[in-house]
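Notes follow once the structure below has been shown.
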Amino acid sequence: MRLSCLHIRRFSPHVHPGLLRRNLLTLAIETSCDDTSVAIIERQKINNKLVAVVHFHEKITSDSKLYGGVHPIIAHESHQKNLAPLISRALQALPLKGAKQDDEENRPSHGVYLKNSKNIDGDWEICRKKPDFITVTRGPGMRANLITGMDTAKGLAVAWQIPLLGVNHMQAHALTPRMTYAIQRAHDSETPDLKFPFLTLLVSGGHTMLVHSKGLCQHEVLANTADIAVGDMIDKCARDIIPDDVLKSSKSVMYGPMLEEFAFHDWKAEKEHHESNKPTTTWSITPPLRNILPSDAQKYSALFSFSGIGSAVKRITSQNPTMDKTERQLLARATMRVAFEHLASRVIIALKTEELSATENLVVSGGVASNKYLLRVLRTALDANRHESVKLVFPPLEYCTDNAAMIAWAGMELFDAGYRSSLDIMALKNWAIDPSAKDGGILGVDGWLNVNSNGSCQEPDP
Ligand code: AMP
Ligand code: ZN
């Protein structure tokens, strides 16, 4: 009988930094909210340029949205149920190892097999590369959900005797466009790097943030929501605005895209109809944080607020139950316009400061970034304020909603800079990305191991 061999790594505090590595392979797990996601990403250095190859990337979202929002228990159970099968599928996508082939006659027709590599059931075992390290979301997020991912990640790291990296979910969101540029480079080698610094407007169901990313671990939060996230508000308003029959007949199960579709589908015809019949709207939505004292202006410029828009829409629809479809479309448009102009207002305020006046890129990510009207409102606001040179970057949607690929990429960048996590790290419900925050931001928490001999970690080239 063949004896299986397990290589046990001796612990060394001075591992060689990843800077020397040409290729890096990681398996990443994301379970911070209601998406169970697993990715296998390989980062290659080709002609001194970083290229990212996605070998596997899948997610399963719990159907807790039926409860009018993420249901913590349903989401937790969904992670427990789906994570292991997802990882098992992901392993089938690990790149093949370039091992010597043997036993040509009996070898199955695809893949690379090692001599005598039959498993206990007598099946041929294919030989695949082992990841260089495991990446997992450590926080912020729902603690129980994070723990499901982290425990699995620790198990894999221990079993495979490879390092573990527990990364900050929000940092991963902020670094996403650097990954999408690296993925793009696999098809077009001329794709440039997205260099630090850049601005990110993160607009999703759980977050609304304007972030100034100056380096791998240096992300200054310029504005954050004082109440609910913009996506959450849009979801709530969609249920109030869209007529029941349209809601029921919609192919989408997401309220945000439904509201956009309802507001703009066949808009030209509806607009003509509307103008010829001239219905007068008796309602209006006041822009958030409009009536503030000049002495409070600076404080409020660091805040978004969306709950007032949600309340206004609820009031308008309940006071006008007979509102026809055209007027509801107008209300849908007005809701989005007021919300998106509010987002734009904080960007414009930020760009007025000296430090940010030379900003070249504004990244827009999160589920709401898929809204075409948001792109129009932002472009109009930038141009009207003489920021025509600011480029709007919208990463592909699959990478800007919650996903494990972005976690993998954050792991790559951190690994390269010499960071590892200790195996005793705990999930963090709250974890800031801004170094000036109370917890010290990304590097302020316990559990980081420095692998460079001088004890420091290195920021990557901008
Ligand atoms: P995320 O939290 O990043 O997974 O994104 C989900 C959020 O984005 C939900 O609140 C969605 O309703 C919202 N969303 C997705 N697509 C759109 C869209 N086209 N317009 C407005 N909101 C959207
Ligand atoms: Zn997120």
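So you can find residues: chains in the structure tokens are A, B, ... in the order shown, residues in each start at 1, and ligands are numbered from 1 in order.
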Could I get the residues of segment 158-188 of chain A with an atom no further than 10 Å from an atom of segment 378-395 of chain A, each paired with its nearest atom pair and that distance in Å to one decimal, using only C-alpha atoms, sorted by chain and residue number, as JSON lines?
{"residue": "A:Thr176", "atom": "CA", "partner": "A:Pro395", "partner_atom": "CA", "distance": 7.6}
{"residue": "A:Pro177", "atom": "CA", "partner": "A:Pro395", "partner_atom": "CA", "distance": 5.9}
{"residue": "A:Arg178", "atom": "CA", "partner": "A:Pro395", "partner_atom": "CA", "distance": 9.4}
{"residue": "A:Met179", "atom": "CA", "partner": "A:Pro395", "partner_atom": "CA", "distance": 9.3}
{"residue": "A:Thr180", "atom": "CA", "partner": "A:Pro395", "partner_atom": "CA", "distance": 6.5}
{"residue": "A:Tyr181", "atom": "CA", "partner": "A:Pro395", "partner_atom": "CA", "distance": 8.7}
Exercise for the section: Find the spatial neighbours of segment 423-425 of chain A, counting only C-alpha atoms, within a cut-off of 10 Å - ignore same-chain residues fewer than 3 positions away - and output them as a PyMOL selection string. Expected result: chain A and resi 138+150-151+153-155+157-158+163-166+420+428+445-448
N, CA, C and O atoms of the current selection, written as a compact mmCIF listing (two decimals), in the first residue's frame:
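out.txt written:
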# COMPACT_ATOMS: atom_id res chain seq x y z
N ARG A 138 -11.72 38.70 7.49
CA ARG A 138 -11.70 38.67 8.96
C ARG A 138 -12.73 39.64 9.54
O ARG A 138 -13.19 39.49 10.66
N MET A 150 -13.76 31.86 8.59
CA MET A 150 -12.41 31.85 9.19
C MET A 150 -12.02 30.47 9.69
O MET A 150 -10.87 30.04 9.55
N ASP A 151 -12.96 29.76 10.30
CA ASP A 151 -12.64 28.42 10.81
C ASP A 151 -12.26 27.49 9.66
O ASP A 151 -11.31 26.70 9.75
N ALA A 153 -11.06 28.47 6.78
CA ALA A 153 -9.77 28.95 6.23
C ALA A 153 -8.61 28.47 7.11
O ALA A 153 -7.57 28.02 6.60
N LYS A 154 -8.79 28.54 8.42
CA LYS A 154 -7.71 28.08 9.32
C LYS A 154 -7.47 26.59 9.12
O LYS A 154 -6.33 26.13 9.10
N GLY A 155 -8.57 25.84 8.97
CA GLY A 155 -8.43 24.39 8.75
C GLY A 155 -7.63 24.09 7.50
O GLY A 155 -6.73 23.24 7.51
N ALA A 157 -5.48 26.11 5.99
CA ALA A 157 -4.09 26.58 6.14
C ALA A 157 -3.28 25.58 6.97
O ALA A 157 -2.12 25.29 6.65
N VAL A 158 -3.91 25.04 8.01
CA VAL A 158 -3.20 24.07 8.86
C VAL A 158 -2.98 22.76 8.10
O VAL A 158 -1.88 22.20 8.09
N PRO A 163 0.54 29.67 4.79
CA PRO A 163 0.15 30.82 5.60
C PRO A 163 -1.32 31.21 5.42
O PRO A 163 -1.97 30.87 4.42
N LEU A 164 -1.80 31.93 6.43
CA LEU A 164 -3.17 32.43 6.44
C LEU A 164 -3.13 33.96 6.40
O LEU A 164 -2.26 34.57 7.02
N LEU A 165 -4.06 34.54 5.65
CA LEU A 165 -4.17 36.01 5.66
C LEU A 165 -5.62 36.39 5.93
O LEU A 165 -6.51 36.05 5.13
N GLY A 166 -5.87 37.06 7.05
CA GLY A 166 -7.22 37.52 7.39
C GLY A 166 -7.35 38.97 6.99
O GLY A 166 -6.70 39.84 7.56
N ARG A 420 1.48 38.46 6.97
CA ARG A 420 0.81 37.18 7.21
C ARG A 420 -0.05 37.37 8.46
O ARG A 420 0.19 38.27 9.24
N LEU A 428 -13.61 39.97 13.38
CA LEU A 428 -13.83 41.32 13.91
C LEU A 428 -15.13 41.88 13.32
O LEU A 428 -15.22 42.12 12.12
N VAL A 445 -5.02 46.35 14.41
CA VAL A 445 -5.52 45.19 15.17
C VAL A 445 -4.42 44.15 15.38
O VAL A 445 -3.38 44.19 14.71
N ASP A 446 -4.67 43.22 16.30
CA ASP A 446 -3.67 42.20 16.60
C ASP A 446 -3.60 41.16 15.47
O ASP A 446 -4.45 41.13 14.59
N GLY A 447 -2.57 40.33 15.54
CA GLY A 447 -2.54 39.15 14.67
C GLY A 447 -1.72 39.26 13.41
O GLY A 447 -1.61 38.31 12.66
N TRP A 448 -1.11 40.45 13.17
CA TRP A 448 -0.27 40.55 11.97
C TRP A 448 1.12 40.02 12.25
O TRP A 448 1.70 40.31 13.30
Handout entry: Residues within 10 Å of Gly366 of chain A, only C-alpha atoms, excluding chain neighbours under 4 positions, as a list of chain:residue names
Key = A:His173, A:Leu201, A:Leu202, A:Val203, A:Ser204, A:Gly205, A:Gly206, A:His207, A:Thr208, A:Gly231, A:Ser370, A:Phe394, A:Pro395, A:Pro396, A:Leu397, A:Glu398, A:Tyr399, A:Cys400, A:Thr401, A:Asp402
Problem - Nearby residues (only C-alpha atoms) at most 10 Å from Pro257 of chain A, same-chain spacing under 2 positions excluded, as a ChimeraX atom specification - result: /A:234-235,238,252-255,259-263,367-368,370-371
Handout entry: Which of segment 145-283 of chain A fall in helix (DSSP H, G or I), as a ChimeraX atom specification
Key = /A:145-160,169-185,230-241,244-249,255-264,267-277
Handout entry: Contacts of Phe304 of chain A at 12 Å (only C-alpha atoms; same-chain gap of 4+ positions) as a VMD selection string
Key = chain A and resid 201 to 203 207 to 210 222 to 230 287 to 290 299 to 300 308 to 309 339 to 347
Exercise for the section: Just list the residues in segment 295-445 of chain A DSSP gives strand (DSSP E or B) on the backbone, as a ChimeraX atom specification. Expected result: /A:303-304,361-365,391-393,419-421
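Taking only C-alpha atoms, the non-local environment of Lys429 of chain A within 6 Å (same-chain residues fewer than 5 positions away omitted) comprises A:Gly139, A:Pro140, A:Gly141, A:Met142, A:Arg143.
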Using the selection just defined, write its residues with N, CA and C atoms as a PDB file, in the first residue's frame.
ATOM      1  N   GLY A 139     -13.088  40.672   8.797  1.00  0.00           N
ATOM      2  CA  GLY A 139     -14.062  41.658   9.261  1.00  0.00           C
ATOM      3  C   GLY A 139     -14.050  42.827   8.314  1.00  0.00           C
ATOM      4  N   PRO A 140     -14.869  43.860   8.479  1.00  0.00           N
ATOM      5  CA  PRO A 140     -15.996  43.871   9.398  1.00  0.00           C
ATOM      6  C   PRO A 140     -17.150  43.061   8.809  1.00  0.00           C
ATOM      7  N   GLY A 141     -18.081  42.683   9.661  1.00  0.00           N
ATOM      8  CA  GLY A 141     -19.229  41.912   9.182  1.00  0.00           C
ATOM      9  C   GLY A 141     -19.930  41.239  10.349  1.00  0.00           C
ATOM     10  N   MET A 142     -20.836  40.321  10.008  1.00  0.00           N
ATOM     11  CA  MET A 142     -21.578  39.616  11.058  1.00  0.00           C
ATOM     12  C   MET A 142     -20.653  38.556  11.663  1.00  0.00           C
ATOM     13  N   ARG A 143     -20.491  38.622  12.973  1.00  0.00           N
ATOM     14  CA  ARG A 143     -19.446  37.804  13.606  1.00  0.00           C
ATOM     15  C   ARG A 143     -19.608  36.299  13.301  1.00  0.00           C
TER      16      ARG A 143
END
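Here atom 17 (C, counted along the ligand's line) of ligand 1 is placed at a distance of 25.0 Å from atom CA of Ile433 of chain A.
Computed from the coordinates, the atom CA of Asp193 of chain A to atom 20 (N, counted along the ligand's line) of ligand 1 distance equals 28.2 Å.
Note that the spacing between atom CA of Asp35 of chain A and atom 16 (N, counted along the ligand's line) of ligand 1 amounts to 15.4 Å.
Using only C-alpha atoms and all ligand atoms for every distance, the candidate list A:Phe196, A:Trp409, A:Phe264, A:Trp431 yields A:Phe264 as the residue closest to ligand 1.
Considering the residues A:Leu146, A:Asn450, A:Ile126, A:Arg43 and counting only C-alpha atoms, Pro72 of chain A has its shortest atom-to-atom contact with A:Leu146.
With distances restricted to only C-alpha atoms and all ligand atoms, A:Met233 is the closest residue to ligand 1 from A:Leu194, A:Ala350, A:Val167, A:Met233.
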